[in-house]
Each structure stands twice: as structure tokens, then as C-alpha cells.
Amino acid sequence: MAKPKKTVIEYRNYELPLNFPVLLLTGDRWHISDVKSGKLHFHNCLEIGICHSDSGIIEFDNTPYPFRAGDITFISRNVPHTTYSNKGEASLWSYIFIQPDELLKGMYSDSSPYAEVFADMLQNFQLILNKEDYPEIYYLIRTTMDELQEKRINYQLSVKGLMLSLFMKVMRIYSENKGKKLDDKDAHENAIVISPALDYIKENYMMNFPMEELADMCHLSQTHFRRVFHEIMNTSPLNYLNTTRILQSCILLRTTEESILSISEQVGFRSVSSYNRHFSEIMGTQPSEWRHKMARVDNASILEYTGWMQAQTLTESRDR
């Protein structure tokens with residue numbers, strides 16, 4: 001008997017602005033095809049979506065759930081999923097990608113009575129709501145999208161307030177359902193096996209540590225860890241670490257006047273020559289040239305543009 005076809009899982013990284021970790025993706029290009037992808041994907045941040053038209057299917061770990069116009073979706077980072085429209089349709093979506101724990105830092109600290117619920121929700125969110133049943137939540141998300149698009153005075157402060165209100169309401173829904181996911185399985189069943197390594201790199205990319213530690217965190221042998229990591233990430237753990245460092249250095253190049261040497265050390269490179277080499281391989285130019293080019297562009301615009309370009313690269317086929 002033939003072996004069942006193995007599900008391909010793809011990782012997508014959205015580089016959000018450091019001090020305002022929110023990215024809006026909207027417009028006519030976000031029509032979702034009716035062709036079902038042969039692979040699932042997951043992100044490094046929370047995805048909030050609104051379906052504006054038509055209908056289709058969202059799959060969480062190969063379990064299908066229908067969606068229709070007016071639906072709101074919440075999908076945590078590290079949750080494998082894919083989206084496709086019904087036959088002959090091309091549903092239109094808008095998305096917010098966000099790091100709520102960073103945007104609302106201090107609101108749900110360890111001392112907060114709801115910190116555990118908030119943290120669990122961010123790890124295990126798989127939620128589809130309709131605007132008819134949850135008009136307040138729909139309004140808060142649409143208003144947030146308007147603020148992000150129009151960028152009127154103090155829009156960032158407005159977005160933080162709207163997101164705080166949104167998460168307070170959504171946490172109640174999540175808590176009332178006892179933190180269960182749509183399929184009512186164990187809360188961690190869909191967790192990606194390498195997520196502890198991804199989390200560790202995200203928090204400690206500036207440190208020097210052996211790759212063997214990452215395998216231990218995931219409770220895998222070194223050989224098996226490298227193989228699984230490459231299958232999911234399309235790169236090695238070391239290359240992913242270096243890419244993370246380079247992307248973080250881009251933020252410092254854009255937003256500070258610190259020297260190239262200082263920045264290379266801050267993001268974890270032991271020598272500036274190694275930093276320059278990796279930067280050139282990933283960004284296609286030298287750090288000094290990249291900084292000079294970026295200096296001619298409005299800082300806020302370039303933060304959004306960088307995130308949008310990464311999202312566009314990762315979704316060339318419009319496979320959601």
C-alpha cells in the first residue's frame with residue numbers, strides 16, 4: 001500500500017517594525033485563489049484577517065473549516081494553515097500581522113491576573129467569528145485597519161487603544177471556551193516541533209550558542225533536528241540565525257546612527273567582516289550602502305515597505 005503523502009509545511013517570516021509591531025496588508029492583490037495549495041504554512045506572528053467577499057475554506061492541520069464574507073479570523077503564530085476560495089470564487093481579504101505581546105507590553109505582564117490566559121491564547125488561537133454575531137469585534141478590527149491605512153495624527157496610539165480593547169473582548173471569548181481550539185483537540189497538538197528553537201532564536205539571536213542546544217530544546221537528536229528544521233524552514237538552523245541577525249541589524253541601520261561595527265556586535269556577529277559578508281549575501285549590498293539608500297526614504301514608509309516586500313516575496317503565488 002502506498003504511503004500517505006506527507007504534508008509540506010512552509011514558514012513565513014514577517015519583519016514587523018521594532019517599536020510598533022503591526023503590519024497591514026490590504027488591497028486588490030489579496031484575492032485568494034480557488035486552487036487548493038499542496039502545503040500548509042505558519043507565521044512568526046499573529047494573523048488577524050477579514051474576509052470582504054465570497055467564501056471558501058481555511059484548513060488547520062488539514063482539517064477544513066468554511067468561511068464567508070464578513071468572517072473574522074485569528075490565527076496564532078506557529079499554527080499550520082492554508083486558505084482557498086470556493087470553486088469559481090476569489091475571496092478578498094485584508095490582514096493585520098501583529099506581535100500583541102510587544103505592542104501591549106506591560107498590559108499582560110506576569111503579575112496580571114490574566115497573563116496566563118493571554119499567553120495561552122497567543123500560542124493556540126484558531127478562531128473564526130462572523131460580524132453578525134460579533135459586531136463590536138468586527139468594528140474594532142475595521143477601525144484599526146482604517147487607522148493603519150490613513151495614518152492620521154497619533155494613529156499609532158489609536159491602534160494600541162483599539163488593540164487593547166479588541167484583545168480584552170477576544171480573551172473573554174477564548175476563556176469562555178476554555179482555551180479550546182476549533183477542533184477541540186489538545187491545546188498543543190498543532191504546535192510545530194521546532195517552535196522552541198524559533199522562539200529561542202527570536203529572543204536570543206544576539207547571543208553565541210551552539211546549534212546543539214536548539215536540538216535539545218526540541219527534544220530531538222541533532223541529525224533529526226537539522227533535517228526537520230530544513231524541511232520546514234528551507235534553510236539550516238545556522239543560516240536562519242544569521243538571517244534573523246541581519247534583519248534585526250537593518251532596523252538598527254535605519255533607526256540609529258551607530259557604527260557598522262557596533263551594530264554587527266549588537267546582533268551577534270563576532271567580526272565585522274563576517275557581518276558584511278552575510279549582509280551582502282542576504283540583502284544584495286553592503287550595510288553602509290544599504291543605510292545610505294534607506295536614509296533618503298521616510299523612515300515610517302520604509303518600515304512598512306520592508307514588511308510588505310517580505311510578505312509579497314513569501315506570497316508570490318497568493319497562496320494563503
# chains A, B, ... in the order shown; residues from 1 in each chain; ligands from 1

call {"tool": "select_by_dssp", "arguments": {"residues": "range 68-275 of chain A", "states": "strand (DSSP E or B)", "output": "ChimeraX atom specification"}}
result
/A:68,71-75,81-85,91-98,126-130

call {"tool": "write_last_selection", "arguments": {"atoms": "N, CA and C atoms", "output": "short mmCIF file (atom, residue, chain, number, x, y, z; two decimals), in the first residue's frame"}}
result
data_model
loop_
_atom_site.label_atom_id
_atom_site.label_comp_id
_atom_site.auth_asym_id
_atom_site.auth_seq_id
_atom_site.Cartn_x
_atom_site.Cartn_y
_atom_site.Cartn_z
N ARG A 68 -16.91 32.78 5.13
CA ARG A 68 -17.74 33.54 4.20
C ARG A 68 -17.49 35.02 4.43
N ASP A 71 -16.56 37.26 7.75
CA ASP A 71 -15.88 36.49 8.79
C ASP A 71 -14.57 37.15 9.20
N ILE A 72 -14.24 36.98 10.48
CA ILE A 72 -13.00 37.48 11.07
C ILE A 72 -12.21 36.26 11.52
N THR A 73 -10.92 36.23 11.22
CA THR A 73 -10.09 35.10 11.62
C THR A 73 -8.94 35.55 12.50
N PHE A 74 -8.61 34.73 13.48
CA PHE A 74 -7.45 34.92 14.34
C PHE A 74 -6.63 33.64 14.27
N ILE A 75 -5.37 33.74 13.85
CA ILE A 75 -4.52 32.57 13.72
C ILE A 75 -3.18 32.86 14.38
N HIS A 81 -1.62 26.32 8.58
CA HIS A 81 -2.92 26.53 7.96
C HIS A 81 -2.77 26.89 6.49
N THR A 82 -3.88 26.87 5.78
CA THR A 82 -3.93 27.36 4.40
C THR A 82 -5.35 27.80 4.12
N THR A 83 -5.51 28.67 3.13
CA THR A 83 -6.82 29.23 2.78
C THR A 83 -7.03 29.15 1.28
N TYR A 84 -8.23 28.75 0.85
CA TYR A 84 -8.57 28.78 -0.57
C TYR A 84 -10.06 29.06 -0.73
N SER A 85 -10.42 29.71 -1.82
CA SER A 85 -11.81 30.08 -2.07
C SER A 85 -12.59 28.91 -2.65
N SER A 91 -12.08 35.10 -3.08
CA SER A 91 -12.39 35.91 -1.89
C SER A 91 -11.36 37.00 -1.68
N LEU A 92 -11.84 38.17 -1.24
CA LEU A 92 -10.97 39.32 -0.98
C LEU A 92 -10.78 39.47 0.52
N TRP A 93 -9.52 39.64 0.93
CA TRP A 93 -9.17 39.72 2.35
C TRP A 93 -8.34 40.95 2.65
N SER A 94 -8.36 41.36 3.91
CA SER A 94 -7.38 42.28 4.48
C SER A 94 -6.80 41.61 5.72
N TYR A 95 -5.51 41.87 5.98
CA TYR A 95 -4.83 41.21 7.10
C TYR A 95 -4.08 42.20 7.95
N ILE A 96 -4.07 41.92 9.24
CA ILE A 96 -3.17 42.59 10.18
C ILE A 96 -2.24 41.53 10.74
N PHE A 97 -0.94 41.75 10.62
CA PHE A 97 0.04 40.89 11.28
C PHE A 97 0.60 41.68 12.46
N ILE A 98 0.62 41.04 13.62
CA ILE A 98 0.90 41.78 14.85
C ILE A 98 1.58 40.89 15.88
N GLN A 126 -7.04 29.73 17.08
CA GLN A 126 -7.59 29.33 15.79
C GLN A 126 -9.07 29.66 15.88
N LEU A 127 -9.45 30.85 15.44
CA LEU A 127 -10.79 31.34 15.70
C LEU A 127 -11.39 31.98 14.46
N ILE A 128 -12.64 31.62 14.16
CA ILE A 128 -13.39 32.24 13.07
C ILE A 128 -14.67 32.80 13.66
N LEU A 129 -14.87 34.11 13.53
CA LEU A 129 -16.06 34.79 14.03
C LEU A 129 -16.73 35.52 12.89
N ASN A 130 -18.05 35.68 12.96
CA ASN A 130 -18.76 36.44 11.93
C ASN A 130 -19.22 37.78 12.47
#

call {"tool": "select_by_dssp", "arguments": {"residues": "range 15-180 of chain A", "states": "alpha helix (DSSP H)", "output": "NGL selection string"}}
result
:A and (100-103 or 115-124 or 135-150 or 155-176)

call {"tool": "closest_atom_pairs", "arguments": {"of": "range 5-38 of chain A", "to": "range 50-57 of chain A", "cutoff": "10 Å", "atoms": "only C-alpha atoms", "output": "tab-separated table"}}
result
residue	atom	partner	partner_atom	distance
A:Thr26	CA	A:Ile50	CA	9.8
A:His31	CA	A:Ser53	CA	9.2
A:Ile32	CA	A:Gly56	CA	9.1
A:Ser33	CA	A:Gly56	CA	9.5
A:Asp34	CA	A:Gly56	CA	7.8
A:Lys36	CA	A:Ile57	CA	9.2

call {"tool": "write_last_selection", "arguments": {"atoms": "N, CA, C and O atoms", "output": "PDB file, in the first residue's frame"}}
result
ATOM      1  N   THR A  26      -3.473  44.959   2.655  1.00  0.00           N
ATOM      2  CA  THR A  26      -4.826  45.144   2.144  1.00  0.00           C
ATOM      3  C   THR A  26      -4.771  45.587   0.684  1.00  0.00           C
ATOM      4  O   THR A  26      -3.709  45.925   0.162  1.00  0.00           O
ATOM      5  N   HIS A  31      -6.737  38.924  -3.213  1.00  0.00           N
ATOM      6  CA  HIS A  31      -7.757  37.961  -3.613  1.00  0.00           C
ATOM      7  C   HIS A  31      -7.161  36.562  -3.474  1.00  0.00           C
ATOM      8  O   HIS A  31      -6.051  36.299  -3.921  1.00  0.00           O
ATOM      9  N   ILE A  32      -7.920  35.654  -2.872  1.00  0.00           N
ATOM     10  CA  ILE A  32      -7.439  34.299  -2.617  1.00  0.00           C
ATOM     11  C   ILE A  32      -7.962  33.357  -3.697  1.00  0.00           C
ATOM     12  O   ILE A  32      -9.161  33.300  -3.971  1.00  0.00           O
ATOM     13  N   SER A  33      -7.065  32.608  -4.288  1.00  0.00           N
ATOM     14  CA  SER A  33      -7.400  31.704  -5.382  1.00  0.00           C
ATOM     15  C   SER A  33      -8.302  30.564  -4.919  1.00  0.00           C
ATOM     16  O   SER A  33      -8.347  30.218  -3.727  1.00  0.00           O
ATOM     17  N   ASP A  34      -9.025  29.954  -5.884  1.00  0.00           N
ATOM     18  CA  ASP A  34      -9.831  28.773  -5.566  1.00  0.00           C
ATOM     19  C   ASP A  34      -9.037  27.480  -5.740  1.00  0.00           C
ATOM     20  O   ASP A  34      -9.592  26.382  -5.640  1.00  0.00           O
ATOM     21  N   LYS A  36      -6.550  24.870  -4.352  1.00  0.00           N
ATOM     22  CA  LYS A  36      -6.042  24.429  -3.058  1.00  0.00           C
ATOM     23  C   LYS A  36      -4.547  24.173  -3.133  1.00  0.00           C
ATOM     24  O   LYS A  36      -4.068  23.470  -4.007  1.00  0.00           O
TER      25      LYS A  36
END

call {"tool": "residues_around", "arguments": {"residues": "His41 in chain A", "least_positions_apart": "2", "cutoff": "6 Å", "atoms": "only C-alpha atoms", "output": "list of chain:residue names"}}
result
A:Ile9, A:Glu10, A:Tyr11, A:Pro80, A:His81

call {"tool": "closest_residue", "arguments": {"among": "A:Thr223, A:Gln156, A:Glu102, A:Val117", "to": "Ser175 in chain A", "atoms": "only C-alpha atoms"}}
result
A:Val117

call {"tool": "closest_residue", "arguments": {"among": "A:Gly88, A:Gly161, A:Gly106, A:Pro287", "to": "Val35 in chain A", "atoms": "only C-alpha atoms"}}
result
A:Gly88

call {"tool": "atom_distance", "arguments": {"atom1": "CA of Asn44 in chain A", "atom2": "CA of Asn13 in chain A"}}
result
5.5 Å

call {"tool": "closest_residue", "arguments": {"among": "A:Glu47, A:Glu147, A:Glu231, A:Glu258", "to": "Ile194 in chain A", "atoms": "only C-alpha atoms"}}
result
A:Glu231

call {"tool": "closest_residue", "arguments": {"among": "A:Ile251, A:Ala115, A:Ile263, A:Ile153", "to": "Glu15 in chain A", "atoms": "only C-alpha atoms"}}
result
A:Ile251

call {"tool": "closest_residue", "arguments": {"among": "A:Leu220, A:Leu24, A:Ala90, A:Ala215", "to": "Ile141 in chain A", "atoms": "only C-alpha atoms"}}
result
A:Leu24

call {"tool": "residues_around", "arguments": {"residues": "Cys45 in chain A", "least_positions_apart": "3", "cutoff": "10 Å", "atoms": "only C-alpha atoms", "output": "list in words"}}
result
Arg12, Asn13, Tyr14, Glu15, Leu16, Pro21, Val22, Phe42, Ile48, Ile75, Ser76, Arg77, Asn78, Val79, Ile96, Phe97, Ile98, Gln99, Pro100, Leu122 and Gln123 of chain A

call {"tool": "residues_around", "arguments": {"residues": "Arg291 in chain A", "least_positions_apart": "4", "cutoff": "10 Å", "atoms": "only C-alpha atoms", "output": "list in words"}}
result
Cys250, Ile251, Leu252, Leu253, Arg254, Thr255, Glu257, Ile260, Thr285, Gln286, Pro287, Ala295 and Arg296 of chain A

call {"tool": "write_last_selection", "arguments": {"atoms": "N, CA and C atoms", "output": "compact mmCIF listing (two decimals), in the first residue's frame"}}
result
# COMPACT_ATOMS: atom_id res chain seq x y z
N CYS A 250 19.14 45.53 10.18
CA CYS A 250 18.52 46.51 9.27
C CYS A 250 17.72 47.54 10.05
N ILE A 251 17.05 47.09 11.11
CA ILE A 251 16.30 48.03 11.95
C ILE A 251 17.24 49.04 12.59
N LEU A 252 18.38 48.57 13.09
CA LEU A 252 19.35 49.47 13.73
C LEU A 252 19.98 50.40 12.70
N LEU A 253 20.24 49.91 11.50
CA LEU A 253 20.80 50.76 10.45
C LEU A 253 19.83 51.87 10.07
N ARG A 254 18.54 51.56 10.08
CA ARG A 254 17.52 52.53 9.71
C ARG A 254 17.28 53.56 10.80
N THR A 255 17.31 53.10 12.06
CA THR A 255 16.79 53.93 13.14
C THR A 255 17.85 54.50 14.08
N GLU A 257 22.26 55.91 14.50
CA GLU A 257 23.46 56.37 13.81
C GLU A 257 24.69 55.63 14.32
N ILE A 260 28.79 50.67 11.97
CA ILE A 260 28.57 49.33 11.44
C ILE A 260 29.16 48.29 12.38
N THR A 285 23.74 43.88 -0.97
CA THR A 285 24.58 45.07 -0.96
C THR A 285 25.29 45.14 0.39
N GLN A 286 26.20 46.08 0.56
CA GLN A 286 26.90 46.25 1.82
C GLN A 286 26.07 47.09 2.80
N PRO A 287 26.28 46.90 4.12
CA PRO A 287 25.49 47.65 5.11
C PRO A 287 25.55 49.17 4.93
N ALA A 295 18.36 56.07 3.96
CA ALA A 295 18.32 57.39 4.58
C ALA A 295 17.55 58.39 3.72
N ARG A 296 17.42 58.09 2.44
CA ARG A 296 16.72 59.01 1.54
C ARG A 296 15.22 58.78 1.51

call {"tool": "atom_distance", "arguments": {"atom1": "CA of Ser221 in chain A", "atom2": "CA of Glu203 in chain A"}}
result
22.5 Å

call {"tool": "residues_around", "arguments": {"residues": "Lys202 in chain A", "least_positions_apart": "4", "cutoff": "12 Å", "atoms": "only C-alpha atoms", "output": "number ranges by chain"}}
result
A: 13, 15, 44-45, 195-198, 206-207, 240-245, 247-248, 267
